[in-house]
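Trainee: Compact mmCIF, C-alpha atoms, file start-v3.txt:
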# COMPACT_ATOMS: atom_id res chain seq x y z
CA MET A 1 77.80 107.35 120.42
CA SER A 2 80.59 108.24 122.89
CA ASP A 3 82.28 111.65 122.82
CA SER A 4 85.51 110.09 121.50
CA SER A 5 83.81 108.15 118.69
CA ASN A 6 81.74 111.21 117.83
CA ALA A 7 84.91 113.31 117.53
CA ALA A 8 86.54 110.60 115.39
CA ALA A 9 83.59 110.56 113.01
CA ARG A 10 83.64 114.35 112.75
CA VAL A 11 87.36 114.36 111.94
CA LYS A 12 86.93 111.72 109.22
CA ALA A 13 84.10 113.74 107.67
CA LEU A 14 86.49 116.72 107.30
CA LEU A 15 89.23 114.84 105.48
CA PRO A 16 88.72 114.84 101.69
CA SER A 17 90.60 111.79 100.41
CA ARG A 18 91.66 110.23 97.11
CA LYS A 19 92.95 106.78 96.28
CA GLY A 20 95.77 106.20 93.82
CA HIS A 21 99.58 106.03 93.89
CA PHE A 22 101.10 109.07 95.56
CA ARG A 23 104.55 110.32 96.53
CA LEU A 24 104.30 111.96 99.95
CA GLU A 25 106.29 114.97 101.17
CA SER A 26 108.46 112.57 103.18
CA GLY A 27 109.45 110.69 100.00
CA HIS A 28 107.40 107.64 100.94
CA HIS A 29 104.79 106.23 98.58
CA GLY A 30 101.21 105.38 99.50
CA ALA A 31 97.73 104.74 98.14
CA LEU A 32 95.94 107.44 100.17
CA TRP A 33 96.07 111.21 99.61
CA LEU A 34 94.28 113.79 101.76
CA ASP A 35 93.47 117.15 100.17
CA LEU A 36 94.20 119.05 103.37
CA GLU A 37 94.07 122.42 101.63
CA LYS A 38 90.29 122.04 102.01
CA LEU A 39 90.41 121.24 105.72
CA CYS A 40 89.85 124.77 107.04
CA TYR A 41 87.47 125.98 104.34
CA ASP A 42 84.65 125.71 106.87
CA VAL A 43 86.30 127.10 109.99
CA ALA A 44 83.79 126.28 112.75
CA PRO A 45 84.05 122.45 112.71
CA VAL A 46 87.85 122.57 112.70
CA ARG A 47 87.89 125.01 115.60
CA GLU A 48 85.51 122.79 117.60
CA LEU A 49 87.67 119.71 116.99
CA ALA A 50 90.82 121.64 117.86
CA PHE A 51 89.21 122.55 121.17
CA GLU A 52 88.53 118.82 121.71
CA LEU A 53 92.19 118.13 120.97
CA ALA A 54 93.21 120.85 123.42
CA LYS A 55 91.54 118.85 126.20
CA ARG A 56 93.98 116.01 125.43
CA VAL A 57 96.95 118.39 125.54
CA GLU A 58 96.17 120.48 128.62
CA SER A 59 97.30 117.84 131.13
CA HIS A 60 100.86 117.95 129.76
CA ASP A 61 101.71 121.26 131.43
CA ILE A 62 102.84 123.10 128.32
CA ASP A 63 103.99 126.70 127.89
CA ALA A 64 103.21 127.11 124.18
CA VAL A 65 101.92 125.35 121.06
CA CYS A 66 103.80 125.06 117.77
CA GLY A 67 102.31 123.99 114.44
CA PRO A 68 103.92 123.39 111.04
CA LEU A 69 102.66 125.54 108.20
CA VAL A 70 100.28 125.39 106.52
CA GLU A 71 97.16 123.58 107.75
CA GLY A 72 98.77 122.21 110.90
CA ALA A 73 99.50 125.72 112.11
CA TYR A 74 95.81 126.63 111.84
CA VAL A 75 94.86 123.72 114.11
CA ALA A 76 97.72 124.61 116.46
CA LEU A 77 96.51 128.21 116.64
CA PHE A 78 93.05 127.06 117.75
CA VAL A 79 94.59 124.72 120.34
CA ALA A 80 96.75 127.56 121.70
CA GLU A 81 93.67 129.75 121.90
CA ALA A 82 91.76 127.09 123.82
CA LEU A 83 94.63 126.61 126.27
CA GLY A 84 95.42 130.32 126.62
CA VAL A 85 99.11 129.85 125.75
CA PRO A 86 101.37 131.45 123.11
CA PHE A 87 101.45 130.16 119.53
CA LEU A 88 104.55 129.43 117.43
CA TYR A 89 104.88 127.96 113.97
CA SER A 90 107.46 126.32 111.74
CA THR A 91 108.01 126.70 108.00
CA ARG A 92 109.20 124.17 105.44
CA GLU A 93 112.67 124.58 103.93
CA GLU A 94 114.95 122.51 101.73
CA GLY A 95 117.89 120.90 103.38
CA ARG A 96 117.45 117.38 104.75
CA ASN A 97 118.12 114.08 103.05
CA GLU A 98 117.92 110.59 104.52
CA ASN A 99 118.36 108.29 101.52
CA GLY A 100 115.69 110.11 99.55
CA LEU A 101 113.35 110.46 102.55
CA TYR A 102 112.62 113.55 104.62
CA THR A 103 114.24 115.95 102.19
CA PHE A 104 112.67 119.00 103.87
CA GLN A 105 113.37 120.57 107.23
CA TYR A 106 110.96 122.64 109.32
CA ARG A 107 112.25 125.67 111.18
CA VAL A 108 110.77 128.16 113.62
CA PRO A 109 111.32 131.73 112.32
CA GLY A 110 114.24 133.56 113.87
CA ALA A 111 112.06 136.16 115.58
CA LEU A 112 110.42 133.38 117.61
CA HIS A 113 113.60 131.58 118.71
CA GLY A 114 113.70 133.37 122.04
CA ALA A 115 110.10 132.41 122.73
CA ALA A 116 110.95 128.71 122.32
CA GLY A 117 114.12 128.31 124.37
CA GLY A 118 113.63 126.55 127.69
CA LYS A 119 109.86 126.14 127.17
CA ARG A 120 107.65 123.05 127.20
CA ILE A 121 106.01 123.10 123.78
CA ALA A 122 103.30 120.89 122.29
CA ILE A 123 103.60 120.25 118.57
CA VAL A 124 100.13 120.24 117.02
CA ASN A 125 99.32 119.22 113.45
CA ASP A 126 96.27 118.54 111.32
CA VAL A 127 97.19 114.98 110.24
CA ILE A 128 100.35 112.97 110.92
CA ASN A 129 101.26 110.28 108.39
CA ALA A 130 104.99 109.78 107.72
CA GLY A 131 105.64 112.68 110.07
CA SER A 132 108.01 114.87 108.06
CA ALA A 133 106.49 118.14 109.34
CA VAL A 134 106.29 117.20 113.01
CA LEU A 135 109.70 115.50 113.06
CA GLY A 136 111.34 118.49 111.39
CA THR A 137 109.62 120.81 113.86
CA LEU A 138 110.67 118.63 116.80
CA GLU A 139 114.31 118.67 115.71
CA HIS A 140 114.42 122.44 115.45
CA LEU A 141 112.59 123.03 118.74
CA GLU A 142 115.03 120.74 120.51
CA ALA A 143 117.93 122.60 118.87
CA LEU A 144 116.43 125.77 120.36
CA ARG A 145 116.51 124.08 123.81
CA ALA A 146 112.77 123.57 124.02
CA THR A 147 111.23 120.43 125.50
CA VAL A 148 108.46 118.69 123.56
CA PRO A 149 106.46 116.44 125.89
CA VAL A 150 103.56 115.81 123.50
CA MET A 151 102.55 115.80 119.83
CA ALA A 152 98.87 116.11 118.99
CA SER A 153 96.94 115.82 115.77
CA LEU A 154 93.33 115.69 114.67
CA ALA A 155 94.13 112.41 112.92
CA VAL A 156 97.00 109.94 112.72
CA LEU A 157 97.40 107.72 109.67
CA GLY A 158 98.96 104.32 110.26
CA GLU A 159 101.41 103.30 112.96
CA ARG A 160 104.53 105.31 112.13
CA ALA A 161 103.65 108.32 114.31
CA GLY A 162 103.20 106.13 117.37
CA ALA A 163 106.53 104.44 116.69
CA PHE A 164 108.61 107.61 116.30
CA CYS A 165 106.94 109.28 119.28
CA GLU A 166 107.82 106.26 121.41
CA GLU A 167 111.41 106.36 120.12
CA ARG A 168 111.69 110.07 120.99
CA GLY A 169 109.97 109.80 124.38
CA VAL A 170 107.11 112.05 123.23
CA LEU A 171 103.48 111.29 124.02
CA LEU A 172 101.02 111.20 121.12
CA GLU A 173 97.46 112.50 121.35
CA THR A 174 94.88 112.27 118.56
CA LEU A 175 91.14 112.23 118.02
CA VAL A 176 91.26 109.36 115.51
CA THR A 177 93.74 106.82 114.15
CA ILE A 178 93.10 105.66 110.59
CA PRO A 179 94.79 102.52 109.19
CA ASN A 180 97.23 103.33 106.40
CA GLU A 181 100.37 101.89 104.82
CA ILE A 182 103.29 103.84 103.38
CA TYR A 183 106.40 102.48 101.69
CA ARG A 184 109.91 103.41 100.63
CA ALA A 185 109.94 103.76 96.85
CA CYS A 186 112.15 100.67 96.56
CA ASP A 187 109.60 98.59 98.48
CA CYS A 188 106.40 100.09 97.06
CA PRO A 189 103.95 97.43 95.82
CA LEU A 190 102.23 100.03 93.62
CA CYS A 191 105.52 100.67 91.83
CA ALA A 192 106.03 96.92 91.50
CA GLU A 193 102.65 96.65 89.81
CA GLY A 194 103.59 99.43 87.36
CA ILE A 195 100.92 101.82 88.61
CA PRO A 196 102.03 105.38 87.72
CA VAL A 197 102.39 107.99 90.44
CA THR A 198 99.36 110.29 90.53
CA ASN A 199 99.86 114.04 90.38
CA ASN A 200 98.98 115.56 93.74
Now, as a test, write the supplied structure out as structure tokens.
Mentor:
Amino acid sequence: MSDSSNAAARVKALLPSRKGHFRLESGHHGALWLDLEKLCYDVAPVRELAFELAKRVESHDIDAVCGPLVEGAYVALFVAEALGVPFLYSTREEGRNENGLYTFQYRVPGALHGAAGGKRIAIVNDVINAGSAVLGTLEHLEALRATVPVMASLAVLGERAGAFCEERGVLLETLVTIPNEIYRACDCPLCAEGIPVTNN
């Protein structure tokens, strides 16, 4: 087994998943839910995989790493450690609305604003699906005059992350891409079938 396929298998083994009908943080609906609160319960495997991810990030000449709270920031912290660069984080707040999607924003705390301005910062997350956390973080970092050349994640679900990174001119690095479909509520086939939304 190659190093890349070995890393992919190790990431998948760390992602506790459930099938059902779920409303995601972004407002999209989907049939897959990852219980990411359990991701860092056993620290060593996550740290090892974050160090693998850091190898994908180091060629992008970054000054710092930023991760959205909660679990994404833990992975970002390990990546920053591996690269020997400063660590920043963003927190979720109310305040966005795009037709019922992306109703949260992510902001870097005020005390860290000066550390972001003018820097090349990698956004690192645990898993990117619809991308509400990384997109919110990207918007605030750019408002702080930071440049984001790369987003990185242990896993990417579906094709949306690749699409919005291409639109924004940001490179995407990941250890594994897992097929997945998400839908606007008005287009959700699970809703059309009358399947109730599962409590997360």
Trainee: Can you pull out every residue within 9 Å of range 73-86 of chain A, counting all atoms listed in the file, but drop anything in the same chain fewer than 2 positions away, and send it as number ranges by chain?
Mentor: A: 40, 46-55, 57-58, 62-71, 88-90, 115, 122-126, 152-154
Trainee: I'd like the interatomic distance between CA of Met151 in chain A and CA of Arg18 in chain A, to a tenth of an Å.
Mentor: 25.8 Å
Trainee: Neighbouring residues of Gly162 in chain A were defined as those with any atom within 12 Å, considering only C-alpha atoms; residues of the same chain fewer than 2 positions away were excluded. Please report them as a PyMOL selection string.
Mentor: chain A and resi 128-131+150-153+155-160+164-174+177
Trainee: Smallest atom-to-atom distance to Ala133 in chain A: which of A:Ser26, A:Ser59, A:Thr198, A:Asn180, using all atoms listed in the file?
Mentor: A:Ser26
Trainee: Could you tell me which of A:Ala111, A:Cys186, A:Ala163, A:Ala13 comes closest to Gly27 in chain A if we count all atoms listed in the file?
Mentor: A:Cys186
Trainee: Pick out the closest residue to Gly136 in chain A from this set: A:Leu112, A:Glu25, A:Asp187, A:Glu37. Count only C-alpha atoms.
Mentor: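 Of all the options, A:Glu25 lies closest to Gly136 in chain A.
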Trainee: In Å, how far is it from CA of Arg10 in chain A to CA of Trp33 in chain A?
Mentor: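 CA of Trp33 in chain A lies at a distance of 18.4 Å from CA of Arg10 in chain A.
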Trainee: For a quick check of understanding, using only C-alpha atoms, which of A:Asp42, A:Gly117, A:Arg145, A:Arg184 has the smallest distance to Tyr102 in chain A?
Mentor: A:Arg184
Trainee: Scan for residues within 6 Å of the point (113.4, 121.9, 108.7) in the coordinates of the file, using all atoms listed in the file, and reply as a ChimeraX atom specification.
Mentor: /A:92-93,104-107,136
Trainee: Please, what distance in Å, to one decimal, runs between CA of Ile195 in chain A and CA of His21 in chain A?
Mentor: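 These two atoms are separated by 6.9 Å.
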Trainee: Using only C-alpha atoms, pick whichever of A:Arg23, A:Pro16, A:Val43, A:Gly30 has the shortest atom-to-atom distance to Glu181 in chain A.
Mentor: A:Gly30
